[in-house]
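First the structure, in the form of structure tokens, and then the observations on it.
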Amino acid sequence: MSENTPANGKTPVDFWFDPLCPWAWMTSRWMLEVEKVRDVEVRWHVMSLAVLNEDKLDELPEEYRDMLANQAWGPVRVAIAAQQLHGDDVLGPLYTALGTRFHNNGEGPTREAVAAALKDAGLPEDLAEYADKDTYDTELRASHQEGIEKVGQEVGTPVIAVPGADGEQVAFFGPVVTPAPKGEDAAKLWDGTLLVASIPGFYEIKRTRTQGPIFD
């Protein structure tokens, strides 16, 4: 599915996100900038921090465990329900609506914010009811697994995958960046990320973060 080239001939970029993660949100806004300056098309997929961490809860701080239990399931369940009921194309606008309310507006992942985001994205507000339902958990886990298998269990969201030179996808976690680069800076980061990700045996560049996400 993910390897198919769009009919418009643009390079497909598959992006796995959890709307709760502020760093994935920053990366996603950068990818929208990349679409403006490179011949790429982003295709959105849901992954889940709750699923990613469910087998290592004992290793996590209590505050993070509480967040996963009380906040993390609802938004991804709503997102996957929207996709299943209304098609893949709704995920991008819904993610933008959710992230804008959760992060930029500081509303957090409340039921009210989710319902308002659904309305913003032109979707039925009653999809918010799926936050408490496991109706599409099988599909959620499958989408999550598709993304995480490309990079391994040691990373999180976002996961980005692009076609490699040999026809197989090249996938990576991140980049983690703030604020989201725009214009030529967005293009330079994209080109550099593709370059290092394409090197066999390359795994990681990292430095300590000295500031939190800067939401425009």
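All residue names refer to the structure tokens as shown: chains lettered A, B, ... in order, residues numbered from 1 in each chain, ligands numbered from 1 in order.
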
Q. If we count only C-alpha atoms, what is near A:Trp25 at a cut-off of 10 Å, once residues fewer than 6 positions away on the same chain are taken out, given as a PyMOL selection string?
A. chain A and resi 17-19+31+95-96+98-100+102-104+157-158+176+180+213+215

Keeping only N, CA and C atoms, write those residues as a CSV table (one decimal), in the first residue's frame.
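Once written, selection_13.csv looks like this:
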chain,number,residue,atom,x,y,z
A,17,PHE,N,1.7,9.3,12.7
A,17,PHE,CA,1.6,10.2,13.8
A,17,PHE,C,0.7,9.8,14.9
A,18,ASP,N,1.0,10.3,16.1
A,18,ASP,CA,0.0,10.3,17.2
A,18,ASP,C,-0.3,11.7,17.5
A,19,PRO,N,-1.6,12.1,17.4
A,19,PRO,CA,-1.9,13.6,17.5
A,19,PRO,C,-1.5,14.1,18.9
A,31,MET,N,6.7,19.0,7.4
A,31,MET,CA,6.4,18.2,6.1
A,31,MET,C,5.5,19.0,5.2
A,95,TYR,N,-5.9,15.6,11.4
A,95,TYR,CA,-4.7,15.8,12.2
A,95,TYR,C,-4.3,17.3,12.4
A,96,THR,N,-4.5,18.1,11.3
A,96,THR,CA,-4.2,19.5,11.4
A,96,THR,C,-5.2,20.1,12.4
A,98,LEU,N,-6.9,18.6,14.9
A,98,LEU,CA,-6.6,18.1,16.3
A,98,LEU,C,-5.3,18.8,16.8
A,99,GLY,N,-4.3,18.8,16.0
A,99,GLY,CA,-3.0,19.4,16.5
A,99,GLY,C,-3.1,20.9,16.8
A,100,THR,N,-3.8,21.6,16.0
A,100,THR,CA,-4.0,23.0,16.2
A,100,THR,C,-4.7,23.3,17.5
A,102,PHE,N,-5.0,21.0,20.1
A,102,PHE,CA,-4.3,20.4,21.3
A,102,PHE,C,-3.0,21.2,21.6
A,103,HIS,N,-2.3,21.6,20.6
A,103,HIS,CA,-1.0,22.2,20.8
A,103,HIS,C,-0.9,23.7,20.6
A,104,ASN,N,-1.3,24.2,19.4
A,104,ASN,CA,-1.2,25.7,19.2
A,104,ASN,C,-2.2,26.4,20.1
A,157,THR,N,7.0,8.4,17.7
A,157,THR,CA,6.3,9.1,16.6
A,157,THR,C,7.0,10.5,16.4
A,158,PRO,N,7.2,10.9,15.2
A,158,PRO,CA,6.7,10.4,14.0
A,158,PRO,C,7.7,9.4,13.3
A,176,VAL,N,13.4,15.6,14.8
A,176,VAL,CA,12.8,16.3,15.9
A,176,VAL,C,13.4,17.8,15.8
A,180,ALA,N,9.2,24.6,13.4
A,180,ALA,CA,9.2,24.0,12.1
A,180,ALA,C,9.8,24.8,11.0
A,213,PRO,N,8.8,22.6,22.2
A,213,PRO,CA,8.2,22.9,20.9
A,213,PRO,C,7.8,24.4,20.8
A,215,PHE,N,5.3,26.6,18.9
A,215,PHE,CA,4.1,26.5,18.1
A,215,PHE,C,3.9,27.9,17.4

Could you list, with a cut-off of 10 Å and counting only C-alpha atoms, the residues of stretch 4-64 of chain A near stretch 129-145 of chain A, each shown with its nearest atom pair and the distance in Å rounded to one decimal, rows sorted by chain and ascending number, as JSON lines?
{"residue": "A:Trp16", "atom": "CA", "partner": "A:His144", "partner_atom": "CA", "distance": 7.6}
{"residue": "A:Phe17", "atom": "CA", "partner": "A:His144", "partner_atom": "CA", "distance": 8.9}
{"residue": "A:Asp18", "atom": "CA", "partner": "A:His144", "partner_atom": "CA", "distance": 9.4}
{"residue": "A:His45", "atom": "CA", "partner": "A:Ser143", "partner_atom": "CA", "distance": 6.7}
{"residue": "A:Val46", "atom": "CA", "partner": "A:Ser143", "partner_atom": "CA", "distance": 6.0}
{"residue": "A:Met47", "atom": "CA", "partner": "A:His144", "partner_atom": "CA", "distance": 4.0}
{"residue": "A:Ser48", "atom": "CA", "partner": "A:His144", "partner_atom": "CA", "distance": 6.2}
{"residue": "A:Leu49", "atom": "CA", "partner": "A:His144", "partner_atom": "CA", "distance": 9.1}
{"residue": "A:Val51", "atom": "CA", "partner": "A:Arg141", "partner_atom": "CA", "distance": 7.2}
{"residue": "A:Leu52", "atom": "CA", "partner": "A:His144", "partner_atom": "CA", "distance": 8.2}

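Within the 10 Å cut-off around A:Val114, using only C-alpha atoms and omitting residues fewer than 2 positions from it on the same chain, the listed residues are A:Gly74, A:Pro75, A:Val78, A:Ala79, A:Leu94, A:Ala97, A:Leu98, A:Gly99, A:Arg101, A:Phe102, A:Glu107, A:Gly108, A:Pro109, A:Thr110, A:Arg111, A:Glu112, A:Ala116, A:Ala117, A:Leu118, A:Lys119, A:Asp120, A:Glu125, A:Leu127, A:Ala128, A:Glu129, A:Ala131.
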
Write out, as a compact mmCIF listing (two decimals), in the first residue's frame, the residues just selected, with N, CA, C and O atoms.
# COMPACT_ATOMS: atom_id res chain seq x y z
N GLY A 74 -7.91 7.99 23.33
CA GLY A 74 -9.04 8.65 22.69
C GLY A 74 -8.76 9.25 21.33
O GLY A 74 -9.44 8.93 20.34
N PRO A 75 -7.77 10.15 21.20
CA PRO A 75 -7.54 10.80 19.91
C PRO A 75 -7.19 9.83 18.78
O PRO A 75 -7.67 10.00 17.65
N VAL A 78 -10.30 7.98 17.66
CA VAL A 78 -11.15 8.83 16.83
C VAL A 78 -10.56 8.98 15.43
O VAL A 78 -11.28 8.90 14.42
N ALA A 79 -9.24 9.15 15.35
CA ALA A 79 -8.59 9.31 14.05
C ALA A 79 -8.75 8.05 13.19
O ALA A 79 -9.05 8.15 11.99
N LEU A 94 -7.87 16.21 9.51
CA LEU A 94 -8.23 15.96 10.89
C LEU A 94 -7.02 16.12 11.81
O LEU A 94 -7.13 16.71 12.90
N ALA A 97 -6.45 19.74 12.36
CA ALA A 97 -7.45 20.30 13.27
C ALA A 97 -7.19 19.88 14.71
O ALA A 97 -7.27 20.71 15.64
N LEU A 98 -6.87 18.62 14.92
CA LEU A 98 -6.58 18.13 16.27
C LEU A 98 -5.33 18.81 16.83
O LEU A 98 -5.32 19.31 17.97
N GLY A 99 -4.26 18.81 16.05
CA GLY A 99 -3.01 19.38 16.52
C GLY A 99 -3.10 20.87 16.80
O GLY A 99 -2.51 21.37 17.77
N ARG A 101 -5.69 22.50 17.83
CA ARG A 101 -6.40 22.69 19.11
C ARG A 101 -5.59 22.17 20.29
O ARG A 101 -5.48 22.83 21.32
N PHE A 102 -5.02 20.97 20.14
CA PHE A 102 -4.25 20.39 21.25
C PHE A 102 -3.04 21.23 21.61
O PHE A 102 -2.77 21.49 22.78
N GLU A 107 -5.50 23.67 24.09
CA GLU A 107 -6.72 23.08 24.64
C GLU A 107 -6.48 21.69 25.21
O GLU A 107 -7.28 21.21 26.04
N GLY A 108 -5.43 21.02 24.74
CA GLY A 108 -5.18 19.66 25.21
C GLY A 108 -6.16 18.68 24.59
O GLY A 108 -7.12 19.06 23.92
N PRO A 109 -5.94 17.37 24.83
CA PRO A 109 -6.76 16.34 24.19
C PRO A 109 -8.08 16.07 24.91
O PRO A 109 -8.40 14.93 25.27
N THR A 110 -8.84 17.11 25.14
CA THR A 110 -10.13 16.96 25.81
C THR A 110 -11.18 16.48 24.82
O THR A 110 -11.02 16.60 23.60
N ARG A 111 -12.26 15.95 25.36
CA ARG A 111 -13.36 15.52 24.49
C ARG A 111 -13.92 16.70 23.71
O ARG A 111 -14.27 16.57 22.53
N GLU A 112 -13.98 17.85 24.34
CA GLU A 112 -14.50 19.05 23.67
C GLU A 112 -13.59 19.46 22.51
O GLU A 112 -14.07 19.83 21.43
N ALA A 116 -14.61 19.52 18.57
CA ALA A 116 -14.45 20.75 17.81
C ALA A 116 -13.52 20.55 16.61
O ALA A 116 -13.76 21.11 15.53
N ALA A 117 -12.47 19.75 16.79
CA ALA A 117 -11.56 19.46 15.69
C ALA A 117 -12.26 18.69 14.57
O ALA A 117 -12.01 18.93 13.39
N LEU A 118 -13.10 17.76 14.94
CA LEU A 118 -13.87 17.03 13.94
C LEU A 118 -14.73 17.99 13.12
O LEU A 118 -14.78 17.91 11.88
N LYS A 119 -15.37 18.93 13.79
CA LYS A 119 -16.17 19.94 13.09
C LYS A 119 -15.29 20.79 12.20
O LYS A 119 -15.64 21.07 11.05
N ASP A 120 -14.12 21.19 12.70
CA ASP A 120 -13.18 22.00 11.91
C ASP A 120 -12.78 21.27 10.62
O ASP A 120 -12.57 21.90 9.58
N GLU A 125 -19.33 15.31 14.29
CA GLU A 125 -18.82 15.44 15.65
C GLU A 125 -19.06 14.19 16.48
O GLU A 125 -18.34 13.94 17.46
N LEU A 127 -18.25 11.34 15.83
CA LEU A 127 -17.09 10.44 15.78
C LEU A 127 -16.30 10.49 17.09
O LEU A 127 -15.55 9.56 17.40
N ALA A 128 -16.48 11.56 17.85
CA ALA A 128 -15.80 11.68 19.14
C ALA A 128 -16.19 10.55 20.08
O ALA A 128 -15.43 10.22 21.01
N GLU A 129 -17.33 9.94 19.86
CA GLU A 129 -17.77 8.83 20.71
C GLU A 129 -16.83 7.62 20.61
O GLU A 129 -16.80 6.78 21.53
N ALA A 131 -13.79 7.61 20.95
CA ALA A 131 -12.66 7.76 21.89
C ALA A 131 -12.71 6.70 22.98
O ALA A 131 -11.66 6.26 23.47

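Atom CA of A:Val13 is positioned 6.6 Å from atom CA of A:Val40.
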